[in-house]
Amino acid sequence: MRYELAVGLRYTRARRRNRFISINSLISMIGIAVGVWALIVVLSVMNGFQKEVRTRILGVASHVQITSLNNRLVDWRAVAQIATQHPRVLAAAPFVQAQAMLSAGQSVRGALVRGILPAEEDKVADLGQHMRLGSLEALKPGEFGVVLGADLARALAVLPGDKVALVAPQGLVTPAGVIPRLKQFTLVGIFEVGIADADAGLALIHMRDAQTLYQLGESVTGVRLKLDDLFAARTVARELLVKMPEDTFASDWTRSHANFFRAVEIEKRMMFIILGLIILVAAINIISTLVVAVTDKQADIAILRTLGARPGSIMQIFVVQGMLIDIIGTAVGVGAGILTALNIDVIVPAIENALSIKFLSKDVYLIPELPSDLQSGDVISISLMALALSLLATLYPSWRASRVNPAEALRYE
């Protein structure tokens, strides 16, 4: 073992004459551990929320959506066939999408109407798994059935079996003027995915009924695709565009919900910076600890210099002492953070039961539980940041130790 390392470890382990140094070292160690622990837990929870919301969004939206410039895709079967030939495309389903007004009794609500083929829709979205009443299979061509989001059905005060009038914005031109097209539908199901836009504003009908209502003939609005890897959506969309007709374009889920996911990423960065300040404060505390230690050990430094120790060796001794504080604090913080992130579904309910409180009420929050998604990349980046900040914090006190004049230090010894 190099003597620089041996002396640095001995200084750290030795019982100190100056209690201030010991207390300051302990505070620095605790600060680093708390900062690392908080960062790992918070980023894991934010990753969990992002994953949960992404799963819910993709239960309604598709990974990739192919449409035409005028929202009328005539030869959609050819488009679907070209798309399914891509090795990453698992399934394709046509759809018709348009605006409409729904009314039942005295209640009127605007909604986004989506015409689907139930058997094909189950392959590209998870709406079938979120049915509260009825099923998507109840949508039969020509029977004019409708499936509504839970909030939309509640606003219209309807239940399965009730009649809902659907008013299309495209009107019929008559001598008396333009008359809106109106068709009565029967509610056959209610879904709830936990996304406000879908639960409060989406109505599903059979694609044939939608084509009839909106006078599209055999045309559709577009084709929805499901991929084997949702993070490859942007790449697949670009690759498919090369093979598609000129009047078509493709959009992926990262573009259709870009603002939301960009906001989440910004929040994660800001939380990383804010909680990183805890580690920075602890690292600055290491500076004061080592400055006091250098002052306390001036005689020892002078003796080592007279024995032939180089200034660089003296500097390494105090770098070892400071880094040992950081390594122990980081290791404790990483261990505590990983244990907390992996068991947060047990820890949070236990705290709620002990304090008789509810952090996330079902009446207020979309996701009433704290999800956690621990990612190794976050743990590694947090650990490296803590080590880097502490290393920088040791440089000035260590350099100051290397500049101690032996004659001055031993004058009053």
# chains A, B, ... in the order shown; residues from 1 in each chain; ligands from 1

call {"tool": "select_by_dssp", "arguments": {"residues": "stretch 207-376 of chain A", "states": "alpha helix (DSSP H)", "output": "number ranges by chain"}}
result
A: 207-213, 233-243, 253-256, 258-296, 298-306, 311-342, 344-355, 376

call {"tool": "write_last_selection", "arguments": {"atoms": "C-alpha atoms", "output": "compact mmCIF listing (two decimals), in the first residue's frame"}}
result
# COMPACT_ATOMS: atom_id res chain seq x y z
CA MET A 207 -66.04 1.89 -38.56
CA ARG A 208 -68.85 1.06 -41.02
CA ASP A 209 -71.27 3.22 -39.07
CA ALA A 210 -68.73 6.04 -39.01
CA GLN A 211 -68.21 5.79 -42.78
CA THR A 212 -71.97 5.97 -43.29
CA LEU A 213 -72.46 8.86 -40.88
CA ALA A 233 -41.73 4.69 -33.16
CA ARG A 234 -39.97 7.73 -34.59
CA THR A 235 -37.50 5.62 -36.58
CA VAL A 236 -40.20 3.29 -37.90
CA ALA A 237 -42.39 6.24 -38.93
CA ARG A 238 -39.54 7.71 -41.00
CA GLU A 239 -38.78 4.35 -42.62
CA LEU A 240 -42.43 3.74 -43.53
CA LEU A 241 -42.82 7.17 -45.13
CA VAL A 242 -40.31 6.20 -47.81
CA LYS A 243 -42.54 3.30 -48.93
CA TRP A 253 -46.80 8.93 -30.12
CA THR A 254 -43.85 11.11 -29.13
CA ARG A 255 -45.13 13.84 -31.46
CA SER A 256 -48.83 13.56 -30.63
CA ALA A 258 -44.78 15.86 -27.25
CA ASN A 259 -45.69 18.67 -24.85
CA PHE A 260 -46.51 16.31 -22.00
CA PHE A 261 -43.36 14.20 -22.26
CA ARG A 262 -41.20 17.29 -22.77
CA ALA A 263 -42.67 18.77 -19.58
CA VAL A 264 -41.87 15.57 -17.67
CA GLU A 265 -38.28 15.61 -18.91
CA ILE A 266 -37.88 19.26 -17.86
CA GLU A 267 -39.29 18.46 -14.41
CA LYS A 268 -36.84 15.57 -14.03
CA ARG A 269 -33.90 17.81 -14.92
CA MET A 270 -35.03 20.50 -12.50
CA MET A 271 -35.49 17.97 -9.68
CA PHE A 272 -32.02 16.60 -10.42
CA ILE A 273 -30.54 20.09 -10.13
CA ILE A 274 -32.52 21.06 -7.01
CA LEU A 275 -31.78 17.86 -5.09
CA GLY A 276 -28.21 17.89 -6.38
CA LEU A 277 -27.74 21.06 -4.34
CA ILE A 278 -27.97 18.89 -1.20
CA ILE A 279 -24.93 16.96 -2.40
CA LEU A 280 -23.20 20.21 -3.34
CA VAL A 281 -23.73 21.61 0.18
CA ALA A 282 -22.30 18.40 1.68
CA ALA A 283 -19.34 18.60 -0.71
CA ILE A 284 -18.69 22.22 0.33
CA ASN A 285 -18.80 21.04 3.93
CA ILE A 286 -15.92 18.68 3.08
CA ILE A 287 -13.84 21.77 2.25
CA SER A 288 -14.28 23.20 5.75
CA THR A 289 -13.59 19.78 7.29
CA LEU A 290 -10.32 19.39 5.41
CA VAL A 291 -9.26 23.01 5.99
CA VAL A 292 -9.58 22.46 9.75
CA ALA A 293 -7.83 19.08 9.42
CA VAL A 294 -4.93 20.66 7.53
CA THR A 295 -4.57 23.32 10.25
CA ASP A 296 -4.71 20.62 12.93
CA GLN A 298 0.44 21.12 10.23
CA ALA A 299 3.09 19.63 12.50
CA ASP A 300 2.57 16.18 11.00
CA ILE A 301 2.77 17.64 7.51
CA ALA A 302 6.01 19.42 8.37
CA ILE A 303 7.55 16.20 9.74
CA LEU A 304 6.56 14.30 6.60
CA ARG A 305 8.08 17.04 4.44
CA THR A 306 11.38 16.92 6.40
CA PRO A 311 4.08 18.24 -2.00
CA GLY A 312 2.09 15.99 -4.34
CA SER A 313 2.18 13.17 -1.77
CA ILE A 314 0.88 15.49 0.97
CA MET A 315 -1.89 16.55 -1.36
CA GLN A 316 -2.84 12.91 -2.04
CA ILE A 317 -3.11 12.18 1.71
CA PHE A 318 -5.87 14.74 2.20
CA VAL A 319 -7.58 13.84 -1.07
CA VAL A 320 -7.83 10.27 0.27
CA GLN A 321 -9.27 11.56 3.54
CA GLY A 322 -11.92 13.68 1.79
CA MET A 323 -12.83 11.04 -0.78
CA LEU A 324 -13.27 8.41 1.93
CA ILE A 325 -15.98 10.59 3.50
CA ASP A 326 -17.68 10.86 0.09
CA ILE A 327 -17.37 7.18 -0.80
CA ILE A 328 -18.94 6.08 2.48
CA GLY A 329 -21.73 8.68 2.18
CA THR A 330 -22.41 7.79 -1.47
CA ALA A 331 -22.44 4.05 -0.73
CA VAL A 332 -24.91 4.51 2.13
CA GLY A 333 -27.10 6.81 0.01
CA VAL A 334 -27.10 4.43 -2.97
CA GLY A 335 -27.98 1.46 -0.77
CA ALA A 336 -30.78 3.33 1.00
CA GLY A 337 -32.07 4.80 -2.27
CA ILE A 338 -32.23 1.44 -4.04
CA LEU A 339 -33.97 -0.23 -1.09
CA THR A 340 -36.50 2.61 -0.82
CA ALA A 341 -37.19 2.77 -4.58
CA LEU A 342 -37.70 -1.00 -4.83
CA ILE A 344 -41.85 2.20 -2.12
CA ASP A 345 -45.15 0.38 -2.70
CA VAL A 346 -44.75 -1.07 0.81
CA ILE A 347 -43.15 1.91 2.58
CA VAL A 348 -45.68 4.57 1.52
CA PRO A 349 -48.82 2.59 2.55
CA ALA A 350 -47.14 1.79 5.89
CA ILE A 351 -46.49 5.50 6.52
CA GLU A 352 -50.05 6.36 5.46
CA ASN A 353 -51.50 3.77 7.86
CA ALA A 354 -49.24 4.89 10.71
CA LEU A 355 -50.11 8.58 10.28
CA SER A 376 -29.50 1.83 -13.39

call {"tool": "closest_atom_pairs", "arguments": {"of": "stretch 206-323 of chain A", "to": "stretch 76-80 of chain A", "cutoff": "10 Å", "atoms": "only C-alpha atoms", "output": "tab-separated table"}}
result
residue	atom	partner	partner_atom	distance
A:Glu218	CA	A:Trp76	CA	8.9
A:Ser219	CA	A:Trp76	CA	7.3
A:Val220	CA	A:Trp76	CA	7.0
A:Thr221	CA	A:Trp76	CA	8.8
A:Gly222	CA	A:Trp76	CA	7.1
A:Val223	CA	A:Ala80	CA	6.6
A:Arg224	CA	A:Ala80	CA	8.6
A:Leu225	CA	A:Ala80	CA	8.5
A:Leu240	CA	A:Val79	CA	9.7
A:Lys243	CA	A:Val79	CA	9.2
A:Met244	CA	A:Val79	CA	6.9
A:Pro245	CA	A:Val79	CA	8.3
A:Thr248	CA	A:Val79	CA	9.2

call {"tool": "write_last_selection", "arguments": {"atoms": "N, CA, C and O atoms", "output": "JSON list (two decimals), in the first residue's frame"}}
result
[["chain", "number", "residue", "atom", "x", "y", "z"],
["A", 218, "GLU", "N", -65.73, 4.02, -48.82],
["A", 218, "GLU", "CA", -64.78, 3.02, -48.34],
["A", 218, "GLU", "C", -63.52, 3.65, -47.74],
["A", 218, "GLU", "O", -62.61, 2.94, -47.32],
["A", 219, "SER", "N", -63.48, 4.97, -47.72],
["A", 219, "SER", "CA", -62.29, 5.66, -47.21],
["A", 219, "SER", "C", -62.29, 5.65, -45.68],
["A", 219, "SER", "O", -63.33, 5.50, -45.03],
["A", 220, "VAL", "N", -61.10, 5.83, -45.13],
["A", 220, "VAL", "CA", -60.93, 5.96, -43.69],
["A", 220, "VAL", "C", -60.05, 7.17, -43.41],
["A", 220, "VAL", "O", -59.47, 7.77, -44.33],
["A", 221, "THR", "N", -59.95, 7.53, -42.15],
["A", 221, "THR", "CA", -59.07, 8.65, -41.77],
["A", 221, "THR", "C", -57.62, 8.23, -41.81],
["A", 221, "THR", "O", -56.74, 9.01, -42.20],
["A", 222, "GLY", "N", -57.32, 7.02, -41.37],
["A", 222, "GLY", "CA", -55.94, 6.55, -41.34],
["A", 222, "GLY", "C", -55.82, 5.14, -40.82],
["A", 222, "GLY", "O", -56.82, 4.43, -40.64],
["A", 223, "VAL", "N", -54.57, 4.74, -40.59],
["A", 223, "VAL", "CA", -54.25, 3.40, -40.08],
["A", 223, "VAL", "C", -53.38, 3.55, -38.85],
["A", 223, "VAL", "O", -52.40, 4.31, -38.86],
["A", 224, "ARG", "N", -53.73, 2.84, -37.78],
["A", 224, "ARG", "CA", -52.96, 2.86, -36.52],
["A", 224, "ARG", "C", -52.09, 1.61, -36.45],
["A", 224, "ARG", "O", -52.53, 0.51, -36.80],
["A", 225, "LEU", "N", -50.85, 1.79, -35.97],
["A", 225, "LEU", "CA", -49.89, 0.69, -35.93],
["A", 225, "LEU", "C", -49.40, 0.45, -34.50],
["A", 225, "LEU", "O", -49.29, 1.37, -33.70],
["A", 240, "LEU", "N", -41.20, 4.06, -42.81],
["A", 240, "LEU", "CA", -42.43, 3.74, -43.53],
["A", 240, "LEU", "C", -42.80, 4.82, -44.55],
["A", 240, "LEU", "O", -43.36, 4.52, -45.60],
["A", 243, "LYS", "N", -41.82, 4.31, -48.14],
["A", 243, "LYS", "CA", -42.54, 3.30, -48.93],
["A", 243, "LYS", "C", -43.99, 3.68, -49.19],
["A", 243, "LYS", "O", -44.66, 3.05, -50.01],
["A", 244, "MET", "N", -44.50, 4.69, -48.49],
["A", 244, "MET", "CA", -45.90, 5.06, -48.61],
["A", 244, "MET", "C", -46.15, 5.99, -49.80],
["A", 244, "MET", "O", -45.23, 6.62, -50.31],
["A", 245, "PRO", "N", -47.42, 6.10, -50.24],
["A", 245, "PRO", "CA", -47.76, 7.07, -51.30],
["A", 245, "PRO", "C", -47.43, 8.49, -50.88],
["A", 245, "PRO", "O", -47.32, 8.78, -49.68],
["A", 248, "THR", "N", -49.51, 10.67, -48.16],
["A", 248, "THR", "CA", -49.66, 10.17, -46.79],
["A", 248, "THR", "C", -48.51, 10.69, -45.92],
["A", 248, "THR", "O", -47.44, 11.03, -46.42]]

call {"tool": "closest_residue", "arguments": {"among": "A:Leu117, A:Ile190, A:Ala111, A:Leu182", "to": "A:Gly149", "atoms": "only C-alpha atoms"}}
result
A:Ile190

call {"tool": "closest_residue", "arguments": {"among": "A:Gln99, A:Thr186, A:Ser402, A:Ser68", "to": "A:Leu139", "atoms": "only C-alpha atoms"}}
result
A:Thr186

call {"tool": "residues_around", "arguments": {"residues": "A:Val60", "least_positions_apart": "4", "cutoff": "9 Å", "atoms": "only C-alpha atoms", "output": "list in words"}}
result
Arg56, Ala125, Asp126, Leu127, Val193, Ile195 and Ala198 of chain A

call {"tool": "closest_residue", "arguments": {"among": "A:Ile357, A:His206, A:Lys163, A:Val45", "to": "A:Gly105", "atoms": "only C-alpha atoms"}}
result
A:Lys163

call {"tool": "closest_residue", "arguments": {"among": "A:Leu392, A:Ile382, A:Ala98, A:Leu152", "to": "A:Gly115", "atoms": "only C-alpha atoms"}}
result
A:Ala98

call {"tool": "closest_residue", "arguments": {"among": "A:Val147, A:Ala386, A:Val188, A:Leu227", "to": "A:Ala33", "atoms": "only C-alpha atoms"}}
result
A:Ala386

call {"tool": "atom_distance", "arguments": {"atom1": "atom CA of A:Met131", "atom2": "atom CA of A:Ile205"}}
result
14.3 Å

call {"tool": "closest_residue", "arguments": {"among": "A:Val36, A:Ala203, A:Ala401, A:Ile23", "to": "A:Ser383", "atoms": "only C-alpha atoms"}}
result
A:Val36

call {"tool": "atom_distance", "arguments": {"atom1": "atom CA of A:Ala388", "atom2": "atom CA of A:Gln375"}}
result
20.4 Å

call {"tool": "select_by_dssp", "arguments": {"residues": "stretch 165-409 of chain A", "states": "strand (DSSP E or B)", "output": "count of residues only"}}
result
42

call {"tool": "residues_around", "arguments": {"residues": "A:Pro118", "least_positions_apart": "3", "cutoff": "9 Å", "atoms": "only C-alpha atoms", "output": "MDAnalysis selection string"}}
result
chainID A and resid 121:122 128 136:140 206:207

call {"tool": "atom_distance", "arguments": {"atom1": "atom CA of A:Ser103", "atom2": "atom CA of A:Leu156"}}
result
6.9 Å
